Amino acid sequence: MTRNNRRNVTDYLDDGRTMATYTVPDMHGSSGGGVGAYLLHRAKPHLPPWIGLAGTGIAGALGNWRWEGSAGAGVGLTLASVALTGATWWAGKSTSQQRRLHSAVTVAAGSAWVTAACLAGPTAGSIDDMFLMGGPVVALSWNVRMMLRHNPEGAVNGSSDGGLLEKVGLARAQIGAAKVEPNRVTAPLAVVAGEQTNDDVTKALARIASALDLPTSAVRYTPDAGSSRRGELVIVPEDMLADVVEWEGPSNLGGSIAEPLVIGRYDDGAPLVVWLPGDPDAERNSTHVLVAGGTGSGKGDAALNLLTEVLSRRDVIVWFSDPKAFQDFAPLRPGLDWAAEGGTDTEVMVEAVKAVIPARTRWLGAHGYRQWVPAAAQQQNDPAHSCQSARACGCAGMPFLVAWFEEAANTLRALGDDAFTGIAQEARSAGISLIVSLQRPSYDQMSTSTRASLPSVIALGCDPRDEGFCLPDTVLDAGAHPGAWGNRRPGYCYTVSPGIPEDRYPSPGRTRRFTLRAVPVMQQLATWAQHNGAHADPITAGAAAGVAGQAYAGRSSDSPTAQPAALRAVQEGDDMTEYGGGLLVDLEDAGIDADAELPEAEDGDDAPIFGQETGRKPSPEEARRFFAEALADFEAAGQMVVGPKDFMDWCDRHNLSRPWVSERLKEAAMDGRLEATNTTGRWRIVPVLTAA
């Protein structure tokens with residue numbers, strides 16, 4: 001008893017598209033009748049040329065019986081042959097050039113033979129020889145063409161796209177064998193040499209997306225770095241980012257900061273990862289990160305994804321500034337090594353980061369590290385590299401440092417658009433990663449030097465006019481379009497960073513969402529970081545304390561709820577008040593001599609210029625002592641940046657006059673007790689031990 005198994009057989013057109021699919025009996029276990037049926041079915045696609053040949057012979061014989069020797073029939077048959085050949089050429093304009101020519105030649109040859117056979121007879125002269133020799137050749141040429149229809153190599157001349165490229169203005173471009181992955185198709189593309197370039201492809205991406213009925217971000221093109229006419233076309237047919245994924249915890253608790261940080265997923269489901277430290281083995285450089293996105297774009301969630309990943313690693317410390325009083329980051333605050341709420345605290349943190357760079361690079365160089373690697377965070381026992389003598393120093397390791405400035409536009413307005421330039425240019429070799437987060441990284445907020453020194457960017461939805469501030473032109477040309485999202489797709493982002501393949505740069509991703517259910521997990525993570533995370537090494541802590549004094553105390557691990565002294569609250573106020581109120585002006589532009597003595601109140605004034613009228617002018621010795629006490633008071637309170645307004649209040653409290661303040665400030669700067677900051681009228685207190 002035979003089995004009735006059957007299978008599908010597919011025939012293909014010239015351009016590789018499916019022409020027809022047949023269901024035929026399976027050869028295995030079939031009877032003789034099954035084999036015959038299978039062979040007949042396989043022969044069917046090759047029979048039409050031979051049937052056409054037989055029909056041509058019959059038509060010639062019947063025409064001769066009807067019109068032999070007729071002059072009128074000869075004229076009519078000739079005109080019909082020409083018309084039929086022309087119609088075939090016209091009808092083939094939508095096919096390939098080879099198929100069009102082959103069809104026209106076949107029709108012309110067949111109709112010419114029929115005309116000759118009808119008038120002279122199918123067996124007259126050499127007419128029968130032409131039929132017997134030429135007819136099978138033409139039929140066999142179509143059989144050969146049919147066998148070559150399916151190209152297993154996948155390289156076809158501009159027709160495997162079904163006419164798509166021609167529709168979008170890329171006619172005659174060649175598409176190679178496509179690599180099909182789950183929800184991602186990648187195909188090599190080559191445009192016509194000398195007529196088209198990769199720029200023509202990038203300009204056509206929107207039209208390709210329209211033709212495929214896909215969003216613009218679903219079609220990307222990555223040019224070949226070694227060619228101006230070749231690249232890879234990537235199509236993602238389904239948006240896998242539409243479903244929100246909530247954050248449930250860090251990806252690698254207790255791992256190294258050198259391992260990838262998972263912050264979301266790409267539109268094809270692949271994990272979205274970034275690296276902060278460099279890796280000499282992988283030839284990956286250390287990086288700084290710009291997090292940019294408009295209001296409502298999900299920038300806060302993107303920052304939380306990155307910060308929770310950083311805090312979950314064992315060999316990193318975080319210095320974090322947030323002028324919004326840690327509104328989004330409060331559960332993680334105990335896990336930070338240093339936290340500042342803006343104003344003078346952030347100003348001190350910026351100066352501290354600048355100060356630790358040379359200290360850390362000196363230590364790394366003394367221990368044989370050209371850049372920070374995980375081994376640098378471990379105790380140093382290698383006798384080949386010693387910071388003290390020929391024997392191993394045995395000193396503590398140096399963890400990686402992340403200096404994070406959230407809502408950085410606030411800091412840049414107060415400190416100037418170059419506030420981070422020095423850090424961005426020098427910190428990477430010191431094992432420091434600068435992270436700057438702001439809504440609009442335009443050149444009127446951040447200097448071009450700073451922006452050029454931030455190699456990595458997480459670009460969320462923005463105004464279309466701001467795309468060029470966030471992403472490189474090459475990524476925008478490849479299909480990235482964050483302006484299309486605005487604030488309608490929270491968490492959608494493009495990520496450009498060392499370690500990520502360049503063909504991933506124009507691929508959209510989405511960060512995970514943080515909800516109220518994430519708060520307990522974030523609190524547990526902060527507690528874990530307190531007890532298991534790294535603490536600042538003596539080199540970093542010493543350099544920071546040398547600038548910040550008691551404003552920097554390091555992370556406490558005494559209790560799950562303990563907070564370091566540096567995490568004190570500051571009074572609320574506008575940005576200018578935090579930095580000294582209305583005295584944040586350029587004194588030279590205002591016509592004010594900063595070195596001149598402050599004026600006394602004059603008779604007849606409605607009110608004293610500097611508060612109480614009954615103040616006295618102390619002796620020089622007494623003035624120096626009072627000024628030293630004032631600086632000590634500020635330092636004890638953790639206020640390491642001071643200005644004239646601060647001394648006015650202090651003098652009011654002590655019932656003292658002020659004409660000597662400017663002179664004392666100059667003397668303190670000469671003695672090394674004060675240092676000028678980037679802001680006019682603001683001085684940074686140098687801690688006593690450092691000044692001595």
# chains A, B, ... in the order shown; residues from 1 in each chain; ligands from 1
>>> residues_around(residues="Ser456 in chain A", least_positions_apart="3", cutoff="9 Å", atoms="only C-alpha atoms", output="list in words")
Thr287, His288, Val289, Leu290, Val291, Thr495, Val496, Ser497 and Pro498 of chain A
>>> select_by_dssp(residues="range 305-488 of chain A", states="helix (DSSP H, G or I)", output="VMD selection string")
chain A and resid 305 to 311 330 to 335 343 to 366 374 to 377 408 to 415 421 to 426 428 to 430 448 to 452 464 to 470 473 to 477 482 to 484
>>> atom_distance(atom1="CA of Gly468 in chain A", atom2="CA of Thr511 in chain A")
21.7 Å
>>> atom_distance(atom1="CA of Ser228 in chain A", atom2="CA of Leu454 in chain A")
27.9 Å
>>> closest_atom_pairs(of="range 479-557 of chain A", to="range 351-359 of chain A", cutoff="7 Å", atoms="only C-alpha atoms", output="JSON lines")
{"residue": "A:Ile539", "atom": "CA", "partner": "A:Ala359", "partner_atom": "CA", "distance": 6.6}
{"residue": "A:Thr540", "atom": "CA", "partner": "A:Val356", "partner_atom": "CA", "distance": 5.8}
{"residue": "A:Ala543", "atom": "CA", "partner": "A:Val356", "partner_atom": "CA", "distance": 5.3}
{"residue": "A:Ala544", "atom": "CA", "partner": "A:Ala352", "partner_atom": "CA", "distance": 5.0}
{"residue": "A:Val547", "atom": "CA", "partner": "A:Ala352", "partner_atom": "CA", "distance": 5.6}
{"residue": "A:Ala548", "atom": "CA", "partner": "A:Ala352", "partner_atom": "CA", "distance": 6.5}
>>> write_last_selection(atoms="N, CA and C atoms", output="PDB file, in the first residue's frame")
ATOM      1  N   ILE A 539      43.870  58.463  47.225  1.00  0.00           N
ATOM      2  CA  ILE A 539      44.342  59.491  46.289  1.00  0.00           C
ATOM      3  C   ILE A 539      43.185  60.389  45.855  1.00  0.00           C
ATOM      4  N   THR A 540      42.074  59.756  45.429  1.00  0.00           N
ATOM      5  CA  THR A 540      40.918  60.535  44.978  1.00  0.00           C
ATOM      6  C   THR A 540      40.301  61.311  46.124  1.00  0.00           C
ATOM      7  N   ALA A 543      42.536  64.293  47.125  1.00  0.00           N
ATOM      8  CA  ALA A 543      42.478  65.410  46.187  1.00  0.00           C
ATOM      9  C   ALA A 543      41.143  66.136  46.283  1.00  0.00           C
ATOM     10  N   ALA A 544      40.060  65.381  46.476  1.00  0.00           N
ATOM     11  CA  ALA A 544      38.741  66.014  46.597  1.00  0.00           C
ATOM     12  C   ALA A 544      38.642  66.831  47.874  1.00  0.00           C
ATOM     13  N   VAL A 547      40.181  70.232  47.886  1.00  0.00           N
ATOM     14  CA  VAL A 547      39.426  71.292  47.231  1.00  0.00           C
ATOM     15  C   VAL A 547      38.131  71.587  47.971  1.00  0.00           C
ATOM     16  N   ALA A 548      37.433  70.525  48.356  1.00  0.00           N
ATOM     17  CA  ALA A 548      36.089  70.680  48.918  1.00  0.00           C
ATOM     18  C   ALA A 548      36.072  70.745  50.426  1.00  0.00           C
TER      19      ALA A 548
END
>>> residues_around(residues="Gly76 in chain A", least_positions_apart="5", cutoff="10 Å", atoms="only C-alpha atoms", output="list in words")
Ala71, Ser81 and Thr115 of chain A
>>> select_by_dssp(residues="range 105-195 of chain A", states="strand (DSSP E or B)", output="PyMOL selection string")
chain A and resi 156+174-175+179-181+184-190
>>> write_last_selection(atoms="N, CA, C and O atoms", output="mmCIF file, in the first residue's frame")
data_model
loop_
_atom_site.group_PDB
_atom_site.id
_atom_site.type_symbol
_atom_site.label_atom_id
_atom_site.label_comp_id
_atom_site.auth_asym_id
_atom_site.auth_seq_id
_atom_site.Cartn_x
_atom_site.Cartn_y
_atom_site.Cartn_z
ATOM 1 N N VAL A 156 21.369 39.789 -8.244
ATOM 2 C CA VAL A 156 20.617 40.021 -9.464
ATOM 3 C C VAL A 156 20.739 41.470 -9.842
ATOM 4 O O VAL A 156 21.075 42.318 -9.031
ATOM 5 N N GLN A 174 21.811 47.301 -7.361
ATOM 6 C CA GLN A 174 21.889 45.858 -7.177
ATOM 7 C C GLN A 174 21.768 45.503 -5.707
ATOM 8 O O GLN A 174 22.459 46.077 -4.864
ATOM 9 N N ILE A 175 20.909 44.553 -5.420
ATOM 10 C CA ILE A 175 20.735 44.037 -4.063
ATOM 11 C C ILE A 175 21.284 42.620 -4.017
ATOM 12 O O ILE A 175 20.929 41.784 -4.847
ATOM 13 N N LYS A 179 20.366 38.866 4.534
ATOM 14 C CA LYS A 179 20.512 38.120 5.781
ATOM 15 C C LYS A 179 19.260 38.351 6.611
ATOM 16 O O LYS A 179 18.980 39.483 7.023
ATOM 17 N N VAL A 180 18.505 37.301 6.832
ATOM 18 C CA VAL A 180 17.217 37.417 7.513
ATOM 19 C C VAL A 180 17.376 36.960 8.960
ATOM 20 O O VAL A 180 17.768 35.827 9.230
ATOM 21 N N GLU A 181 17.088 37.856 9.889
ATOM 22 C CA GLU A 181 17.098 37.562 11.317
ATOM 23 C C GLU A 181 15.699 37.830 11.859
ATOM 24 O O GLU A 181 14.859 38.403 11.152
ATOM 25 N N ARG A 184 14.447 41.481 11.461
ATOM 26 C CA ARG A 184 15.510 42.330 10.913
ATOM 27 C C ARG A 184 16.015 41.704 9.621
ATOM 28 O O ARG A 184 16.379 40.529 9.599
ATOM 29 N N VAL A 185 16.026 42.482 8.552
ATOM 30 C CA VAL A 185 16.532 42.028 7.263
ATOM 31 C C VAL A 185 17.667 42.959 6.854
ATOM 32 O O VAL A 185 17.501 44.174 6.803
ATOM 33 N N THR A 186 18.831 42.380 6.568
ATOM 34 C CA THR A 186 20.000 43.150 6.163
ATOM 35 C C THR A 186 20.429 42.684 4.779
ATOM 36 O O THR A 186 20.652 41.488 4.569
ATOM 37 N N ALA A 187 20.533 43.608 3.836
ATOM 38 C CA ALA A 187 20.894 43.250 2.464
ATOM 39 C C ALA A 187 21.968 44.195 1.950
ATOM 40 O O ALA A 187 21.857 45.417 2.112
ATOM 41 N N PRO A 188 23.021 43.656 1.331
ATOM 42 C CA PRO A 188 24.022 44.523 0.707
ATOM 43 C C PRO A 188 23.439 45.220 -0.516
ATOM 44 O O PRO A 188 22.656 44.628 -1.266
ATOM 45 N N LEU A 189 23.799 46.455 -0.706
ATOM 46 C CA LEU A 189 23.256 47.253 -1.801
ATOM 47 C C LEU A 189 24.400 47.968 -2.506
ATOM 48 O O LEU A 189 25.303 48.507 -1.864
ATOM 49 N N ALA A 190 24.367 47.954 -3.840
ATOM 50 C CA ALA A 190 25.351 48.669 -4.645
ATOM 51 C C ALA A 190 24.617 49.465 -5.713
ATOM 52 O O ALA A 190 23.802 48.913 -6.459
#
>>> residues_around(residues="Ser442 in chain A", least_positions_apart="3", cutoff="8 Å", atoms="only C-alpha atoms", output="MDAnalysis selection string")
chainID A and resid 445:446 466 469
>>> write_last_selection(atoms="N, CA, C and O atoms", output="CSV table (one decimal), in the first residue's frame")
chain,number,residue,atom,x,y,z
A,445,GLN,N,24.3,77.0,24.9
A,445,GLN,CA,24.3,76.5,26.3
A,445,GLN,C,25.6,75.8,26.6
A,445,GLN,O,26.2,75.9,27.7
A,446,MET,N,26.1,75.0,25.7
A,446,MET,CA,27.3,74.2,25.9
A,446,MET,C,28.3,74.6,24.8
A,446,MET,O,27.9,74.6,23.6
A,466,ASP,N,16.6,70.3,16.6
A,466,ASP,CA,17.7,70.1,17.5
A,466,ASP,C,18.5,68.8,17.2
A,466,ASP,O,19.4,68.4,17.9
A,469,PHE,N,22.2,68.9,17.0
A,469,PHE,CA,22.9,69.1,18.3
A,469,PHE,C,23.2,67.8,19.0
A,469,PHE,O,24.1,67.7,19.8
>>> residues_around(residues="Ala541 in chain A", least_positions_apart="3", cutoff="9 Å", atoms="only C-alpha atoms", output="compact mmCIF listing (two decimals) with all heavy atoms, in the first residue's frame")
# COMPACT_ATOMS: atom_id res chain seq x y z
N VAL A 356 41.12 66.14 40.93
CA VAL A 356 41.47 64.72 41.07
C VAL A 356 42.06 64.15 39.78
O VAL A 356 42.68 63.09 39.82
CB VAL A 356 40.25 63.88 41.50
CG1 VAL A 356 39.68 64.39 42.82
CG2 VAL A 356 39.18 63.84 40.42
N ALA A 536 35.88 55.63 47.85
CA ALA A 536 36.93 56.42 47.22
C ALA A 536 38.30 56.02 47.76
O ALA A 536 38.48 55.83 48.97
CB ALA A 536 36.68 57.90 47.44
N ASP A 537 39.26 55.87 46.89
CA ASP A 537 40.62 55.55 47.29
C ASP A 537 41.27 56.76 47.94
O ASP A 537 40.79 57.90 47.77
CB ASP A 537 41.42 55.12 46.06
CG ASP A 537 41.44 56.21 45.00
OD1 ASP A 537 40.42 56.35 44.29
OD2 ASP A 537 42.44 56.93 44.90
N PRO A 538 42.35 56.58 48.69
CA PRO A 538 42.97 57.72 49.38
C PRO A 538 43.43 58.83 48.43
O PRO A 538 43.37 60.01 48.79
CB PRO A 538 44.17 57.08 50.09
CG PRO A 538 43.78 55.65 50.28
CD PRO A 538 42.95 55.30 49.07
N ALA A 544 40.06 65.38 46.48
CA ALA A 544 38.74 66.01 46.60
C ALA A 544 38.64 66.83 47.87
O ALA A 544 38.14 67.97 47.87
CB ALA A 544 37.65 64.95 46.55
N ALA A 545 39.12 66.26 48.99
CA ALA A 545 39.06 66.99 50.25
C ALA A 545 39.95 68.23 50.21
O ALA A 545 39.66 69.23 50.87
CB ALA A 545 39.47 66.08 51.40
N GLY A 546 41.04 68.16 49.43
CA GLY A 546 41.91 69.32 49.31
C GLY A 546 41.24 70.50 48.65
O GLY A 546 41.68 71.64 48.79
N TYR A 552 33.14 67.46 51.11
CA TYR A 552 33.24 66.08 50.63
C TYR A 552 33.58 65.18 51.81
O TYR A 552 34.60 65.35 52.47
CB TYR A 552 34.33 65.94 49.57
CG TYR A 552 34.58 64.49 49.19
CD1 TYR A 552 33.65 63.79 48.43
CD2 TYR A 552 35.72 63.82 49.64
CE1 TYR A 552 33.86 62.46 48.10
CE2 TYR A 552 35.93 62.49 49.31
CZ TYR A 552 35.00 61.81 48.55
OH TYR A 552 35.20 60.49 48.24
N ALA A 553 32.71 64.22 52.07
CA ALA A 553 32.93 63.29 53.18
C ALA A 553 32.95 61.85 52.73
O ALA A 553 33.23 60.95 53.51
CB ALA A 553 31.85 63.48 54.25
N GLY A 554 32.62 61.57 51.46
CA GLY A 554 32.59 60.19 51.00
C GLY A 554 31.32 59.49 51.43
O GLY A 554 30.56 59.98 52.27
>>> closest_residue(among="A:Leu214, A:Cys462, A:Ala534, A:Leu438", to="Gly397 in chain A", atoms="only C-alpha atoms")
A:Ala534
>>> residues_around(residues="range 259-262 of chain A", least_positions_apart="3", cutoff="10 Å", atoms="only C-alpha atoms", output="list in words")
Pro250, Ser251, Asn252, Gly255, Ser256, Arg265, Pro271, Leu272, Val273, Val274, Trp275, Leu276, Pro277, Asp279, Asn305, Leu306, Leu307, Thr308, Glu309, Val310, Ser312, Arg313, Pro374, Gly499, Thr511 and Arg512 of chain A
>>> closest_residue(among="A:Leu84, A:Val191, A:Val75, A:Ala427", to="Cys118 in chain A", atoms="only C-alpha atoms")
A:Val75
>>> residues_around(residues="Trp338 in chain A", least_positions_apart="2", cutoff="9 Å", atoms="only C-alpha atoms", output="PyMOL selection string")
chain A and resi 317-321+333+335-336+340+349+552-555+564+566-567
>>> atom_distance(atom1="CA of Ala258 in chain A", atom2="CA of Arg314 in chain A")
10.3 Å
